[in-house]
Amino acid sequence: MITSSEWIQQYPILGSVANREEVFWCNPDYTAFKTAQSRLTLSEEDIFNAEQRLARFAPYIAKLFPETQPSQGIIESPLIDIPHIQEALSEDIDIRPGRLLLKCDNQLAISGSVKARGGIYEVLKHAETLALDQTAFTTDDDYSILDSAIYRQLFSRHSISVGSTGNLGLSIGIMSARLGFQATVHMSADAKQWKKDLLREKGVNVIEYQGDFSKAVEQGRQQSEQDANMHFVDDEQSIDLFMGYAVAAKRLQQQLQSLNVAVDANHSLFVYLPCGVGGGPGGITFGLKQVFKDNVHCFFAEPTASPCMMLGLMTGLHDKINVRDIGLDNVTDADGLAVASPSGLVGKTLYQMISGCYTVEDNHLFEYLNQMIDLEKISLEPSALAGLPGAFRLIATTVGQQYIKQHKLSTSMANATHIVWATGGSMVPDDIMNSYYQRGRSLLAGDNQSIDSDS
């Protein structure tokens, strides 16, 4: 068993990580898209198949969830400029990082977070499989007929379960219960109480554990192994979740085109994705690389207490390493990112496609939350703010500047586009959001720390 000091000796940056300092790390295994893709069995065709399945379900979604009718049953979020907060953060480092956009997955219908992409997709795919296998239903049918007694009765004989820190549980639980499945969400102790309460209001069975995310997943997996009619959504290993997230890339491409944003060798795209176990940012990264190839650069953002993906990529151990191995406790207010060991599927699949990772202190998340509300009138939950400082860290840190130079991006930086992926927030109760806001306000009043921490 390698000790914490031995890990630090082998990877000196881990000294700062172990001290819960903010760091910016670039992945030495990152390589050209053609080389990285050549070793994979997953491809753009898999994304196309997922996209088509979601299109088939659109009439059903529009029928059950009226809020999706304007988009004809397609669950998608806006892409918007955030000029005021860009200006405020630019003043800290006296550098303006091109154009800063916000991908508003906090506004996604049904469950209000990025997890609505992968989670809802996997539930829908499972429902489709059951209907095709056990009834006369075909893919040529109008999928809105799935909202009828015969199919609800079919689904009621089956169960869906998931282990979650919160947002994935919301998407799986709400969609499963609405279809008619018996839904169970195994939730870790760090999950917010309001998320547990909301699930129970929706008719979902919530089982709580004193351990962290890994314990909830383990228990959920064991339960499903004892029930042939239970489908377990495995956030650590699911290809279906992965593909549901990946569909976002094609839609983002269309949104960028509508904003007249070019992405090419002279107009680089940088995307900053909050990361827990890695499924959401991993699937999105896979999709983005298929679409934009070497012109997109994806960085994962993690709390200083839970940099599991950084550890997995840095050491090459992926899901075989835990943040506790270097003395961290995995205790963070960014509950959706409170994961001690990363997804092996994501790490092993994308270790040559992820540009790097960086960490953010909890206090800074609350400060950014306060500024986002004051300057842009946008309410995000703390974990969804992790992507915000990414562009500024890339430009202001020595490590980030080396990445820009190494990949010959210096001449394209003035024309670069940076996307902060906002992963959740619209379902947070008003009183809780106000407490977050007030905490950020208090911190800003007495905080003189800079955004440009360098490691």
# chains A, B, ... in the order shown; residues from 1 in each chain; ligands from 1
$ closest_atom_pairs --of "range 269-384 of chain A" --to "range 144-167 of chain A" --cutoff "9 Å" --atoms "only C-alpha atoms" --output "tab-separated table"
residue	atom	partner	partner_atom	distance
A:Asp335	CA	A:Thr165	CA	6.3
A:Gly336	CA	A:Thr165	CA	5.6
A:Leu337	CA	A:Thr165	CA	7.9
A:Ala338	CA	A:Thr165	CA	7.3
A:Val339	CA	A:Thr165	CA	8.4
$ write_last_selection --atoms "N, CA and C atoms" --output "short mmCIF file (atom, residue, chain, number, x, y, z; two decimals), in the first residue's frame"
data_model
loop_
_atom_site.label_atom_id
_atom_site.label_comp_id
_atom_site.auth_asym_id
_atom_site.auth_seq_id
_atom_site.Cartn_x
_atom_site.Cartn_y
_atom_site.Cartn_z
N ASP A 335 -22.23 19.23 -2.97
CA ASP A 335 -22.66 17.86 -2.74
C ASP A 335 -22.65 17.02 -4.02
N GLY A 336 -22.96 17.60 -5.16
CA GLY A 336 -22.96 16.83 -6.39
C GLY A 336 -21.58 16.40 -6.84
N LEU A 337 -20.55 16.99 -6.24
CA LEU A 337 -19.18 16.67 -6.62
C LEU A 337 -18.45 15.91 -5.52
N ALA A 338 -19.16 15.52 -4.48
CA ALA A 338 -18.55 14.85 -3.32
C ALA A 338 -18.36 13.37 -3.61
N VAL A 339 -17.32 13.06 -4.39
CA VAL A 339 -17.05 11.69 -4.79
C VAL A 339 -15.58 11.39 -4.52
#
$ residues_around --residues "Glu218 in chain A" --least-positions-apart "4" --cutoff "12 Å" --atoms "only C-alpha atoms" --output "list in words"
Ser161, Val162, Gly163, Ser164, His186, Met187, Ser188, Tyr209, Gly211, Asp212, Phe213, Ser214, Gln222, Gln223, Ser224, Glu225, Phe232, Val233, Asp234, Asp235 and Glu236 of chain A
$ residues_around --residues "range 305-316 of chain A" --least-positions-apart "3" --cutoff "7 Å" --atoms "only C-alpha atoms" --output "list in words"
Arg20, Gly278, Glu302, Asp319, Ile321, Asn322, Val323, Leu328, Asp329, Asn330, Val331, Thr332, Ala338, Val339, Ala340, Ser341, Pro342, Gly347, Tyr351, Cys357 and Thr359 of chain A
$ closest_residue --among "A:Val114, A:Met413, A:Ile326, A:Cys26" --to "Ile8 in chain A" --atoms "only C-alpha atoms"
A:Ile326
$ closest_residue --among "A:Leu388, A:Val360, A:Leu444, A:Met243" --to "Gly287 in chain A" --atoms "only C-alpha atoms"
A:Met243
$ closest_residue --among "A:Gly440, A:Gly283, A:Pro78, A:Gly400" --to "Thr349 in chain A" --atoms "only C-alpha atoms"
A:Gly283
$ residues_around --residues "range 370-383 of chain A" --least-positions-apart "5" --cutoff "8 Å" --atoms "only C-alpha atoms" --output "list of chain:residue names"
A:Ile82, A:His84, A:Ile85, A:Asn106, A:Pro274, A:Asp333, A:Ala334, A:Asp335, A:Gly336, A:Leu337, A:Asp362, A:Leu365, A:Ala422, A:Thr423, A:Gly424, A:Gly425, A:Ser426, A:Val428, A:Met433, A:Tyr436, A:Tyr437, A:Gln438, A:Gly440, A:Arg441
$ select_by_dssp --residues "range 62-239 of chain A" --states "alpha helix (DSSP H)" --output "NGL selection string"
:A and (62-64 or 83-93 or 115-134 or 149-156 or 167-179 or 193-201 or 213-225 or 239)
$ closest_residue --among "A:Thr417, A:Ser238, A:Ser38, A:Ser343" --to "His267 in chain A" --atoms "only C-alpha atoms"
A:Thr417
